[in-house]
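Engineer: Take a look at this one; I'll ask things after.
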Amino acid sequence: LLFMIFPPMITQFLFAILPGWTMKTLVSRNLPGFLYTLCITSAVAGLDCIMGGLNFFLSLYISVRLRRRLTYYLHELYLSPKKFYYHMTQTQQLDNPDQRIQNDSAQVTVGLVTVLCIIVSSCLQIGVYTCYVTWTVGWHGTLIIYVYYAITSLVNKKLMSPIVALTYNQDKLEGNFRFHHARVRTSAEAIAFTAGEEETRFSLGEDFVKALRNQTTQIFKQSYLNLFTGFIGNGNTMVGYSIAALTIFTHPEYAKYSPSDLAEAITQLTSVIGGLTGSFTSLVNAAPLASSLAGNASRIGQMMEFMDVLEEEHQREQMQRSHAMDQAAGAMGGKG
């Protein structure tokens, strides 16, 4: 999967360079040169589509394989001797283990692969575009972009933090609501004979109100985050044009360029700067996915920790029982 990230990154970098060549051929009215660059652009576009499709297939395939391994592992923990009966009859510290195994594990595996691809590809592109922007524009362009996204990252972290806890609570409340509905189905006869419809309706309504209240808060928090990421995306264009203008107006050598060369330089400047800002934007846009992933992963991690505690308690009980039996056998032997 990581190997499949490199070819799309190369094609995206070529897409940032090719518009400048095309613009130069159009301004200079060079038809053969335009047809040549058009063929190269078409070939790069076809390669990008093929590699993007393979990358999409591999990401989903790997997520399915990871889900299989994680689910089997959780089954071994959950349905091991003593643990299952002890959890179902004596403790309710772990809510909705079935939801954690079925839903949260699927969300974790898909989200993990998606976020990993975004982070790796974005970091690689940031490194490449940083070197190129520094070489063509100068250190001031790179510094402006890094300061811009350092500030936006701090604000983004502030907006994203509450969403993790809300996602965790939403999964828990939805699981309780679904569990109570399943219990109504299995206890339908008892509810009918005891005339418990009103009490059951009240309990279900109370669970539903809790889930809706948490979901409403989550929607507001998520909307604030999406609004901020939208502002960041629209600000990329302004930052790119500002850095390009600063470069053109402060470097006297651009005044000696011909119209076609100047058009090529301006187009390449804006495209490369846009590639760098776009790579940062991809990281920022991954924040909602990362927050949801953190919420689901915390539920899986809590289940694993709880099962480890049960295993330790089970081993401790076995050691105590074995020790008591040894003492009893020793006492009986002494009397004999």
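If you're wondering about the labels, chains in the structure tokens are A, B, ... by order shown, residues count from 1 in each chain, ligands from 1 in order shown.
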Name all residues at most 9 Å from Tyr241 of chain A (count only C-alpha atoms; drop same-chain ones fewer than 6 positions away) and give them as an MDAnalysis selection string.
Structural biologist: chainID A and resid 269:270 273:274
Engineer: Pull C-alpha atoms from the residues just selected and write them as an mmCIF file, in the first residue's frame.
Structural biologist:
```cif
data_model
loop_
_atom_site.group_PDB
_atom_site.id
_atom_site.type_symbol
_atom_site.label_atom_id
_atom_site.label_comp_id
_atom_site.auth_asym_id
_atom_site.auth_seq_id
_atom_site.Cartn_x
_atom_site.Cartn_y
_atom_site.Cartn_z
ATOM 1 C CA LEU A 269 4.594 29.106 -9.410
ATOM 2 C CA THR A 270 0.876 29.067 -8.619
ATOM 3 C CA ILE A 273 2.475 26.606 -4.336
ATOM 4 C CA GLY A 274 -1.028 25.196 -4.687
#
```
Engineer: In Å to one decimal, how far is atom CA of Asn169 of chain A from atom CA of Asp207 of chain A?
Structural biologist: 12.4 Å
Engineer: Which residues of segment 167-286 of chain A come within 7 Å of segment 118-132 of chain A, and what is each one's closest atom pair and distance in Å (one decimal), counting only C-alpha atoms, sorted by chain and residue number, as a tab-separated table?
Structural biologist:
```
residue	atom	partner	partner_atom	distance
A:Val272	CA	A:Tyr129	CA	6.7
A:Gly275	CA	A:Tyr129	CA	6.8
A:Leu276	CA	A:Tyr129	CA	5.4
A:Ser279	CA	A:Ser122	CA	5.0
A:Phe280	CA	A:Ser122	CA	6.9
A:Ser282	CA	A:Ser122	CA	6.6
A:Leu283	CA	A:Ile119	CA	6.3
```
Engineer: As number ranges by chain, please: the residues near His181 of chain A (cut-off 12 Å, only C-alpha atoms, same-chain neighbours under 3 positions excluded).
Structural biologist: A: 174-178, 184-188, 200-201, 203-205, 207-208
Engineer: Can I get the selection written as a short mmCIF file (atom, residue, chain, number, x, y, z; two decimals), in the first residue's frame, with all heavy atoms?
Structural biologist:
```
data_model
loop_
_atom_site.label_atom_id
_atom_site.label_comp_id
_atom_site.auth_asym_id
_atom_site.auth_seq_id
_atom_site.Cartn_x
_atom_site.Cartn_y
_atom_site.Cartn_z
N GLU A 174 -25.83 4.72 21.20
CA GLU A 174 -26.51 3.99 20.13
C GLU A 174 -26.54 2.50 20.42
O GLU A 174 -27.52 1.81 20.12
CB GLU A 174 -25.82 4.26 18.80
CG GLU A 174 -25.93 5.69 18.28
CD GLU A 174 -27.33 6.03 17.79
OE1 GLU A 174 -28.18 5.13 17.70
OE2 GLU A 174 -27.57 7.22 17.51
N GLY A 175 -25.45 1.98 21.00
CA GLY A 175 -25.42 0.57 21.37
C GLY A 175 -26.43 0.24 22.45
O GLY A 175 -27.10 -0.81 22.40
N ASN A 176 -26.57 1.11 23.44
CA ASN A 176 -27.58 0.89 24.49
C ASN A 176 -28.99 0.90 23.91
O ASN A 176 -29.84 0.08 24.28
CB ASN A 176 -27.45 1.96 25.56
CG ASN A 176 -26.16 1.83 26.36
OD1 ASN A 176 -25.57 0.76 26.41
ND2 ASN A 176 -25.72 2.93 26.95
N PHE A 177 -29.24 1.84 23.00
CA PHE A 177 -30.56 1.94 22.39
C PHE A 177 -30.88 0.68 21.57
O PHE A 177 -31.99 0.14 21.63
CB PHE A 177 -30.61 3.19 21.51
CG PHE A 177 -31.95 3.47 20.90
CD1 PHE A 177 -33.08 3.60 21.70
CD2 PHE A 177 -32.09 3.62 19.53
CE1 PHE A 177 -34.32 3.87 21.14
CE2 PHE A 177 -33.32 3.88 18.98
CZ PHE A 177 -34.45 4.00 19.78
N ARG A 178 -29.89 0.20 20.81
CA ARG A 178 -30.11 -1.01 20.02
C ARG A 178 -30.26 -2.23 20.92
O ARG A 178 -31.10 -3.10 20.66
CB ARG A 178 -28.91 -1.20 19.08
CG ARG A 178 -28.98 -2.44 18.22
CD ARG A 178 -27.63 -2.76 17.61
NE ARG A 178 -26.60 -2.79 18.62
CZ ARG A 178 -26.39 -3.82 19.44
NH1 ARG A 178 -27.17 -4.89 19.38
NH2 ARG A 178 -25.42 -3.77 20.32
N VAL A 184 -36.36 -6.02 24.06
CA VAL A 184 -37.82 -5.99 23.91
C VAL A 184 -38.29 -7.13 23.02
O VAL A 184 -39.31 -7.78 23.29
CB VAL A 184 -38.25 -4.62 23.34
CG1 VAL A 184 -39.71 -4.64 22.92
CG2 VAL A 184 -38.03 -3.51 24.37
N ARG A 185 -37.55 -7.40 21.96
CA ARG A 185 -37.95 -8.48 21.06
C ARG A 185 -37.87 -9.83 21.73
O ARG A 185 -38.75 -10.68 21.56
CB ARG A 185 -37.06 -8.45 19.81
CG ARG A 185 -37.46 -9.48 18.76
CD ARG A 185 -36.65 -9.34 17.49
NE ARG A 185 -35.22 -9.58 17.72
CZ ARG A 185 -34.31 -8.67 17.67
NH1 ARG A 185 -34.62 -7.41 17.42
NH2 ARG A 185 -33.02 -8.96 17.90
N THR A 186 -36.82 -10.06 22.52
CA THR A 186 -36.68 -11.35 23.19
C THR A 186 -37.60 -11.49 24.40
O THR A 186 -37.91 -12.61 24.81
CB THR A 186 -35.22 -11.56 23.63
OG1 THR A 186 -34.83 -10.47 24.48
CG2 THR A 186 -34.30 -11.60 22.42
N SER A 187 -38.03 -10.39 24.99
CA SER A 187 -38.89 -10.42 26.18
C SER A 187 -40.31 -9.98 25.86
O SER A 187 -41.02 -9.46 26.74
CB SER A 187 -38.30 -9.53 27.28
OG SER A 187 -36.96 -9.87 27.57
N ALA A 188 -40.73 -10.15 24.62
CA ALA A 188 -42.05 -9.66 24.21
C ALA A 188 -43.18 -10.33 25.01
O ALA A 188 -44.14 -9.68 25.44
CB ALA A 188 -42.26 -9.89 22.72
N THR A 200 -41.76 0.07 29.17
CA THR A 200 -40.80 -0.20 28.11
C THR A 200 -40.68 0.99 27.17
O THR A 200 -39.58 1.38 26.75
CB THR A 200 -41.22 -1.45 27.33
OG1 THR A 200 -41.32 -2.57 28.23
CG2 THR A 200 -40.20 -1.76 26.24
N ARG A 201 -41.83 1.59 26.83
CA ARG A 201 -41.82 2.75 25.95
C ARG A 201 -41.06 3.92 26.60
O ARG A 201 -40.31 4.64 25.94
CB ARG A 201 -43.25 3.18 25.62
CG ARG A 201 -43.31 4.27 24.54
CD ARG A 201 -44.73 4.76 24.30
NE ARG A 201 -45.62 3.64 23.99
CZ ARG A 201 -46.60 3.21 24.78
NH1 ARG A 201 -46.80 3.81 25.96
NH2 ARG A 201 -47.35 2.22 24.42
N SER A 203 -38.61 3.68 28.84
CA SER A 203 -37.17 3.37 28.86
C SER A 203 -36.54 3.57 27.49
O SER A 203 -35.44 4.14 27.37
CB SER A 203 -36.97 1.93 29.33
OG SER A 203 -37.48 1.74 30.63
N LEU A 204 -37.24 3.11 26.45
CA LEU A 204 -36.71 3.30 25.10
C LEU A 204 -36.64 4.77 24.73
O LEU A 204 -35.67 5.23 24.11
CB LEU A 204 -37.58 2.54 24.08
CG LEU A 204 -37.51 1.02 24.12
CD1 LEU A 204 -38.51 0.41 23.15
CD2 LEU A 204 -36.10 0.54 23.79
N GLY A 205 -37.67 5.53 25.11
CA GLY A 205 -37.66 6.96 24.82
C GLY A 205 -36.54 7.69 25.54
O GLY A 205 -35.92 8.61 24.98
N ASP A 207 -33.61 6.40 26.42
CA ASP A 207 -32.35 6.08 25.74
C ASP A 207 -32.24 6.85 24.42
O ASP A 207 -31.15 7.31 24.05
CB ASP A 207 -32.26 4.58 25.48
CG ASP A 207 -32.09 3.78 26.76
OD1 ASP A 207 -31.62 4.36 27.74
OD2 ASP A 207 -32.44 2.59 26.77
N PHE A 208 -33.36 6.97 23.72
CA PHE A 208 -33.34 7.67 22.44
C PHE A 208 -33.05 9.15 22.61
O PHE A 208 -32.31 9.75 21.81
CB PHE A 208 -34.68 7.45 21.73
CG PHE A 208 -34.73 8.01 20.34
CD1 PHE A 208 -33.78 7.65 19.40
CD2 PHE A 208 -35.71 8.90 19.97
CE1 PHE A 208 -33.80 8.16 18.12
CE2 PHE A 208 -35.75 9.43 18.69
CZ PHE A 208 -34.80 9.05 17.76
#
```
Engineer: Write out as an mmCIF file with all heavy atoms, in the first residue's frame the residues lying within 12 Å of segment 221-229 of chain A, counting only C-alpha atoms and excluding same-chain residues fewer than 5 positions away.
Structural biologist:
```
data_model
loop_
_atom_site.group_PDB
_atom_site.id
_atom_site.type_symbol
_atom_site.label_atom_id
_atom_site.label_comp_id
_atom_site.auth_asym_id
_atom_site.auth_seq_id
_atom_site.Cartn_x
_atom_site.Cartn_y
_atom_site.Cartn_z
ATOM 1 N N TYR A 149 -0.140 27.403 8.113
ATOM 2 C CA TYR A 149 -0.709 26.119 8.521
ATOM 3 C C TYR A 149 -0.361 25.753 9.954
ATOM 4 O O TYR A 149 -1.051 24.915 10.552
ATOM 5 C CB TYR A 149 -0.266 25.020 7.554
ATOM 6 C CG TYR A 149 -1.132 24.980 6.332
ATOM 7 C CD1 TYR A 149 -0.743 25.611 5.167
ATOM 8 C CD2 TYR A 149 -2.374 24.359 6.345
ATOM 9 C CE1 TYR A 149 -1.547 25.604 4.043
ATOM 10 C CE2 TYR A 149 -3.180 24.335 5.237
ATOM 11 C CZ TYR A 149 -2.763 24.965 4.085
ATOM 12 O OH TYR A 149 -3.575 24.961 2.979
ATOM 13 N N THR A 152 -3.302 27.415 11.687
ATOM 14 C CA THR A 152 -4.549 26.683 11.431
ATOM 15 C C THR A 152 -4.555 25.325 12.122
ATOM 16 O O THR A 152 -5.617 24.847 12.537
ATOM 17 C CB THR A 152 -4.748 26.497 9.920
ATOM 18 O OG1 THR A 152 -3.593 25.837 9.361
ATOM 19 C CG2 THR A 152 -4.938 27.840 9.228
ATOM 20 N N SER A 153 -3.382 24.690 12.265
ATOM 21 C CA SER A 153 -3.327 23.394 12.949
ATOM 22 C C SER A 153 -3.673 23.526 14.425
ATOM 23 O O SER A 153 -4.348 22.659 14.997
ATOM 24 C CB SER A 153 -1.940 22.774 12.784
ATOM 25 O OG SER A 153 -1.657 22.524 11.436
ATOM 26 N N LEU A 154 -3.221 24.603 15.057
ATOM 27 C CA LEU A 154 -3.545 24.817 16.466
ATOM 28 C C LEU A 154 -5.046 25.018 16.657
ATOM 29 O O LEU A 154 -5.652 24.453 17.575
ATOM 30 C CB LEU A 154 -2.775 26.025 16.994
ATOM 31 C CG LEU A 154 -1.248 25.877 17.060
ATOM 32 C CD1 LEU A 154 -0.608 27.189 17.518
ATOM 33 C CD2 LEU A 154 -0.858 24.751 17.999
ATOM 34 N N VAL A 155 -5.644 25.814 15.782
ATOM 35 C CA VAL A 155 -7.100 26.028 15.871
ATOM 36 C C VAL A 155 -7.843 24.730 15.573
ATOM 37 O O VAL A 155 -8.836 24.388 16.228
ATOM 38 C CB VAL A 155 -7.525 27.151 14.911
ATOM 39 C CG1 VAL A 155 -9.032 27.360 14.976
ATOM 40 C CG2 VAL A 155 -6.794 28.444 15.239
ATOM 41 N N ASN A 156 -7.358 23.980 14.582
ATOM 42 C CA ASN A 156 -8.003 22.722 14.212
ATOM 43 C C ASN A 156 -7.956 21.717 15.356
ATOM 44 O O ASN A 156 -8.931 20.987 15.605
ATOM 45 C CB ASN A 156 -7.316 22.158 12.981
ATOM 46 C CG ASN A 156 -8.009 20.916 12.459
ATOM 47 O OD1 ASN A 156 -9.039 20.996 11.799
ATOM 48 N ND2 ASN A 156 -7.443 19.770 12.737
ATOM 49 N N LYS A 157 -6.837 21.654 16.065
ATOM 50 C CA LYS A 157 -6.725 20.742 17.217
ATOM 51 C C LYS A 157 -7.714 21.126 18.309
ATOM 52 O O LYS A 157 -8.311 20.258 18.957
ATOM 53 C CB LYS A 157 -5.302 20.772 17.748
ATOM 54 C CG LYS A 157 -5.060 19.844 18.921
ATOM 55 C CD LYS A 157 -3.627 19.916 19.413
ATOM 56 C CE LYS A 157 -3.414 18.991 20.597
ATOM 57 N NZ LYS A 157 -2.015 19.062 21.104
ATOM 58 N N LYS A 158 -7.880 22.434 18.521
ATOM 59 C CA LYS A 158 -8.830 22.903 19.531
ATOM 60 C C LYS A 158 -10.253 22.503 19.180
ATOM 61 O O LYS A 158 -11.058 22.137 20.047
ATOM 62 C CB LYS A 158 -8.717 24.429 19.656
ATOM 63 C CG LYS A 158 -9.579 25.049 20.713
ATOM 64 C CD LYS A 158 -9.118 24.688 22.107
ATOM 65 C CE LYS A 158 -9.910 25.428 23.173
ATOM 66 N NZ LYS A 158 -9.469 25.067 24.543
ATOM 67 N N LEU A 159 -10.606 22.561 17.902
ATOM 68 C CA LEU A 159 -11.957 22.214 17.467
ATOM 69 C C LEU A 159 -12.180 20.708 17.422
ATOM 70 O O LEU A 159 -13.307 20.242 17.597
ATOM 71 C CB LEU A 159 -12.227 22.808 16.084
ATOM 72 C CG LEU A 159 -12.256 24.340 15.986
ATOM 73 C CD1 LEU A 159 -12.409 24.778 14.536
ATOM 74 C CD2 LEU A 159 -13.385 24.912 16.834
ATOM 75 N N MET A 160 -11.118 19.939 17.200
ATOM 76 C CA MET A 160 -11.270 18.496 17.020
ATOM 77 C C MET A 160 -11.333 17.740 18.340
ATOM 78 O O MET A 160 -11.946 16.663 18.414
ATOM 79 C CB MET A 160 -10.106 17.970 16.174
ATOM 80 C CG MET A 160 -10.233 16.517 15.766
ATOM 81 S SD MET A 160 -8.821 15.946 14.800
ATOM 82 C CE MET A 160 -7.530 16.016 16.060
ATOM 83 N N SER A 161 -10.726 18.272 19.390
ATOM 84 C CA SER A 161 -10.628 17.531 20.649
ATOM 85 C C SER A 161 -11.979 17.091 21.215
ATOM 86 O O SER A 161 -12.130 15.936 21.633
ATOM 87 C CB SER A 161 -9.866 18.374 21.681
ATOM 88 O OG SER A 161 -8.549 18.619 21.248
ATOM 89 N N PRO A 162 -13.016 17.965 21.260
ATOM 90 C CA PRO A 162 -14.292 17.502 21.830
ATOM 91 C C PRO A 162 -14.982 16.432 21.002
ATOM 92 O O PRO A 162 -15.801 15.671 21.531
ATOM 93 C CB PRO A 162 -15.142 18.787 21.878
ATOM 94 C CG PRO A 162 -14.179 19.914 21.739
ATOM 95 C CD PRO A 162 -13.063 19.386 20.912
ATOM 96 N N ILE A 163 -14.667 16.342 19.707
ATOM 97 C CA ILE A 163 -15.378 15.400 18.838
ATOM 98 C C ILE A 163 -15.008 13.966 19.180
ATOM 99 O O ILE A 163 -15.832 13.051 19.027
ATOM 100 C CB ILE A 163 -15.070 15.723 17.365
ATOM 101 C CG1 ILE A 163 -15.515 17.147 17.035
ATOM 102 C CG2 ILE A 163 -15.745 14.738 16.424
ATOM 103 C CD1 ILE A 163 -15.211 17.578 15.620
ATOM 104 N N VAL A 164 -13.798 13.735 19.655
ATOM 105 C CA VAL A 164 -13.374 12.370 20.000
ATOM 106 C C VAL A 164 -14.246 11.804 21.110
ATOM 107 O O VAL A 164 -14.772 10.686 21.021
ATOM 108 C CB VAL A 164 -11.891 12.369 20.403
ATOM 109 C CG1 VAL A 164 -11.463 10.982 20.853
ATOM 110 C CG2 VAL A 164 -11.024 12.858 19.258
ATOM 111 N N ALA A 165 -14.434 12.587 22.189
ATOM 112 C CA ALA A 165 -15.276 12.122 23.302
ATOM 113 C C ALA A 165 -16.728 11.974 22.873
ATOM 114 O O ALA A 165 -17.419 11.033 23.293
ATOM 115 C CB ALA A 165 -15.161 13.096 24.474
ATOM 116 N N LEU A 166 -17.206 12.883 22.032
ATOM 117 C CA LEU A 166 -18.598 12.795 21.571
ATOM 118 C C LEU A 166 -18.810 11.563 20.700
ATOM 119 O O LEU A 166 -19.861 10.917 20.768
ATOM 120 C CB LEU A 166 -18.967 14.062 20.796
ATOM 121 C CG LEU A 166 -19.087 15.342 21.630
ATOM 122 C CD1 LEU A 166 -19.249 16.554 20.727
ATOM 123 C CD2 LEU A 166 -20.267 15.248 22.603
ATOM 124 N N THR A 167 -17.835 11.220 19.867
ATOM 125 C CA THR A 167 -17.947 10.009 19.046
ATOM 126 C C THR A 167 -17.989 8.761 19.912
ATOM 127 O O THR A 167 -18.776 7.834 19.672
ATOM 128 C CB THR A 167 -16.765 9.937 18.067
ATOM 129 O OG1 THR A 167 -16.758 11.110 17.246
ATOM 130 C CG2 THR A 167 -16.867 8.707 17.183
ATOM 131 N N ASN A 214 -26.758 13.841 22.473
ATOM 132 C CA ASN A 214 -25.329 13.747 22.193
ATOM 133 C C ASN A 214 -25.048 13.933 20.705
ATOM 134 O O ASN A 214 -24.064 14.579 20.319
ATOM 135 C CB ASN A 214 -24.801 12.390 22.661
ATOM 136 C CG ASN A 214 -23.293 12.293 22.586
ATOM 137 O OD1 ASN A 214 -22.572 12.694 23.480
ATOM 138 N ND2 ASN A 214 -22.790 11.742 21.481
ATOM 139 N N GLN A 215 -25.924 13.380 19.845
ATOM 140 C CA GLN A 215 -25.735 13.522 18.405
ATOM 141 C C GLN A 215 -25.870 14.972 17.965
ATOM 142 O O GLN A 215 -25.140 15.434 17.076
ATOM 143 C CB GLN A 215 -26.739 12.649 17.661
ATOM 144 C CG GLN A 215 -26.511 12.602 16.160
ATOM 145 C CD GLN A 215 -27.499 11.696 15.454
ATOM 146 O OE1 GLN A 215 -28.587 11.421 15.973
ATOM 147 N NE2 GLN A 215 -27.145 11.229 14.279
ATOM 148 N N THR A 216 -26.796 15.704 18.565
ATOM 149 C CA THR A 216 -26.954 17.116 18.228
ATOM 150 C C THR A 216 -25.710 17.908 18.588
ATOM 151 O O THR A 216 -25.225 18.738 17.801
ATOM 152 C CB THR A 216 -28.175 17.694 18.959
ATOM 153 O OG1 THR A 216 -29.346 16.941 18.613
ATOM 154 C CG2 THR A 216 -28.386 19.155 18.581
ATOM 155 N N ASN A 234 -10.326 27.535 1.069
ATOM 156 C CA ASN A 234 -10.492 28.736 0.240
ATOM 157 C C ASN A 234 -9.324 29.706 0.413
ATOM 158 O O ASN A 234 -8.993 30.458 -0.510
ATOM 159 C CB ASN A 234 -11.802 29.439 0.592
ATOM 160 C CG ASN A 234 -13.011 28.609 0.216
ATOM 161 O OD1 ASN A 234 -12.964 27.837 -0.746
ATOM 162 N ND2 ASN A 234 -14.093 28.744 0.965
ATOM 163 N N GLY A 235 -8.715 29.701 1.594
ATOM 164 C CA GLY A 235 -7.574 30.580 1.810
ATOM 165 C C GLY A 235 -6.321 30.137 1.083
ATOM 166 O O GLY A 235 -5.394 30.938 0.908
ATOM 167 N N ASN A 236 -6.286 28.854 0.640
ATOM 168 C CA ASN A 236 -5.114 28.382 -0.097
ATOM 169 C C ASN A 236 -4.880 29.194 -1.367
ATOM 170 O O ASN A 236 -3.739 29.527 -1.712
ATOM 171 C CB ASN A 236 -5.289 26.903 -0.466
ATOM 172 C CG ASN A 236 -5.205 26.004 0.740
ATOM 173 O OD1 ASN A 236 -4.694 26.398 1.783
ATOM 174 N ND2 ASN A 236 -5.699 24.797 0.612
ATOM 175 N N GLY A 278 -2.104 22.478 -0.888
ATOM 176 C CA GLY A 278 -3.072 21.376 -0.969
ATOM 177 C C GLY A 278 -2.664 20.182 -0.138
ATOM 178 O O GLY A 278 -3.518 19.488 0.434
ATOM 179 N N PHE A 280 -0.952 20.336 2.693
ATOM 180 C CA PHE A 280 -1.305 20.705 4.064
ATOM 181 C C PHE A 280 -2.810 20.610 4.289
ATOM 182 O O PHE A 280 -3.272 20.182 5.358
ATOM 183 C CB PHE A 280 -0.817 22.120 4.369
ATOM 184 C CG PHE A 280 0.624 22.196 4.780
ATOM 185 C CD1 PHE A 280 1.578 22.713 3.929
ATOM 186 C CD2 PHE A 280 1.016 21.738 6.026
ATOM 187 C CE1 PHE A 280 2.898 22.784 4.310
ATOM 188 C CE2 PHE A 280 2.355 21.802 6.416
ATOM 189 C CZ PHE A 280 3.296 22.329 5.553
ATOM 190 N N THR A 281 -3.580 21.016 3.281
ATOM 191 C CA THR A 281 -5.042 20.949 3.407
ATOM 192 C C THR A 281 -5.522 19.512 3.553
ATOM 193 O O THR A 281 -6.482 19.230 4.283
ATOM 194 C CB THR A 281 -5.702 21.604 2.191
ATOM 195 O OG1 THR A 281 -5.245 22.948 2.068
ATOM 196 C CG2 THR A 281 -7.214 21.613 2.321
ATOM 197 N N SER A 282 -4.865 18.581 2.862
ATOM 198 C CA SER A 282 -5.243 17.167 2.995
ATOM 199 C C SER A 282 -5.054 16.686 4.429
ATOM 200 O O SER A 282 -5.879 15.928 4.963
ATOM 201 C CB SER A 282 -4.406 16.314 2.038
ATOM 202 O OG SER A 282 -4.639 16.675 0.698
ATOM 203 N N LEU A 283 -3.971 17.138 5.065
ATOM 204 C CA LEU A 283 -3.768 16.782 6.468
ATOM 205 C C LEU A 283 -4.842 17.383 7.356
ATOM 206 O O LEU A 283 -5.356 16.729 8.270
ATOM 207 C CB LEU A 283 -2.388 17.254 6.929
ATOM 208 C CG LEU A 283 -1.173 16.472 6.426
ATOM 209 C CD1 LEU A 283 0.103 17.111 6.949
ATOM 210 C CD2 LEU A 283 -1.253 15.016 6.861
ATOM 211 N N VAL A 284 -5.199 18.638 7.085
ATOM 212 C CA VAL A 284 -6.233 19.289 7.894
ATOM 213 C C VAL A 284 -7.587 18.611 7.685
ATOM 214 O O VAL A 284 -8.354 18.396 8.633
ATOM 215 C CB VAL A 284 -6.303 20.793 7.554
ATOM 216 C CG1 VAL A 284 -7.465 21.454 8.285
ATOM 217 C CG2 VAL A 284 -4.997 21.482 7.921
ATOM 218 N N ASN A 285 -7.893 18.257 6.435
ATOM 219 C CA ASN A 285 -9.173 17.611 6.144
ATOM 220 C C ASN A 285 -9.270 16.208 6.727
ATOM 221 O O ASN A 285 -10.377 15.659 6.843
ATOM 222 C CB ASN A 285 -9.402 17.555 4.629
ATOM 223 C CG ASN A 285 -9.635 18.925 4.027
ATOM 224 O OD1 ASN A 285 -10.033 19.863 4.719
ATOM 225 N ND2 ASN A 285 -9.381 19.058 2.742
ATOM 226 N N ALA A 286 -8.122 15.617 7.055
ATOM 227 C CA ALA A 286 -8.137 14.297 7.686
ATOM 228 C C ALA A 286 -8.500 14.366 9.160
ATOM 229 O O ALA A 286 -8.667 13.318 9.799
ATOM 230 C CB ALA A 286 -6.779 13.619 7.527
ATOM 231 N N ALA A 287 -8.633 15.583 9.701
ATOM 232 C CA ALA A 287 -8.937 15.722 11.130
ATOM 233 C C ALA A 287 -10.270 15.085 11.516
ATOM 234 O O ALA A 287 -10.341 14.366 12.527
ATOM 235 C CB ALA A 287 -8.914 17.202 11.520
ATOM 236 N N PRO A 288 -11.378 15.305 10.764
ATOM 237 C CA PRO A 288 -12.633 14.622 11.147
ATOM 238 C C PRO A 288 -12.509 13.104 11.132
ATOM 239 O O PRO A 288 -13.053 12.417 12.002
ATOM 240 C CB PRO A 288 -13.639 15.131 10.103
ATOM 241 C CG PRO A 288 -13.083 16.425 9.628
ATOM 242 C CD PRO A 288 -11.597 16.247 9.652
ATOM 243 N N LEU A 289 -11.803 12.569 10.128
ATOM 244 C CA LEU A 289 -11.598 11.119 10.083
ATOM 245 C C LEU A 289 -10.773 10.637 11.267
ATOM 246 O O LEU A 289 -11.059 9.596 11.861
ATOM 247 C CB LEU A 289 -10.907 10.735 8.772
ATOM 248 C CG LEU A 289 -11.668 11.000 7.474
ATOM 249 C CD1 LEU A 289 -10.798 10.667 6.269
ATOM 250 C CD2 LEU A 289 -12.951 10.203 7.435
ATOM 251 N N SER A 291 -10.578 12.059 14.215
ATOM 252 C CA SER A 291 -11.365 12.145 15.446
ATOM 253 C C SER A 291 -12.317 10.962 15.579
ATOM 254 O O SER A 291 -12.460 10.383 16.661
ATOM 255 C CB SER A 291 -12.138 13.469 15.470
ATOM 256 O OG SER A 291 -13.050 13.533 14.385
ATOM 257 N N SER A 292 -12.965 10.592 14.473
ATOM 258 C CA SER A 292 -13.844 9.416 14.515
ATOM 259 C C SER A 292 -13.046 8.148 14.773
ATOM 260 O O SER A 292 -13.481 7.266 15.529
ATOM 261 C CB SER A 292 -14.617 9.302 13.198
ATOM 262 O OG SER A 292 -15.430 10.433 12.987
#
```
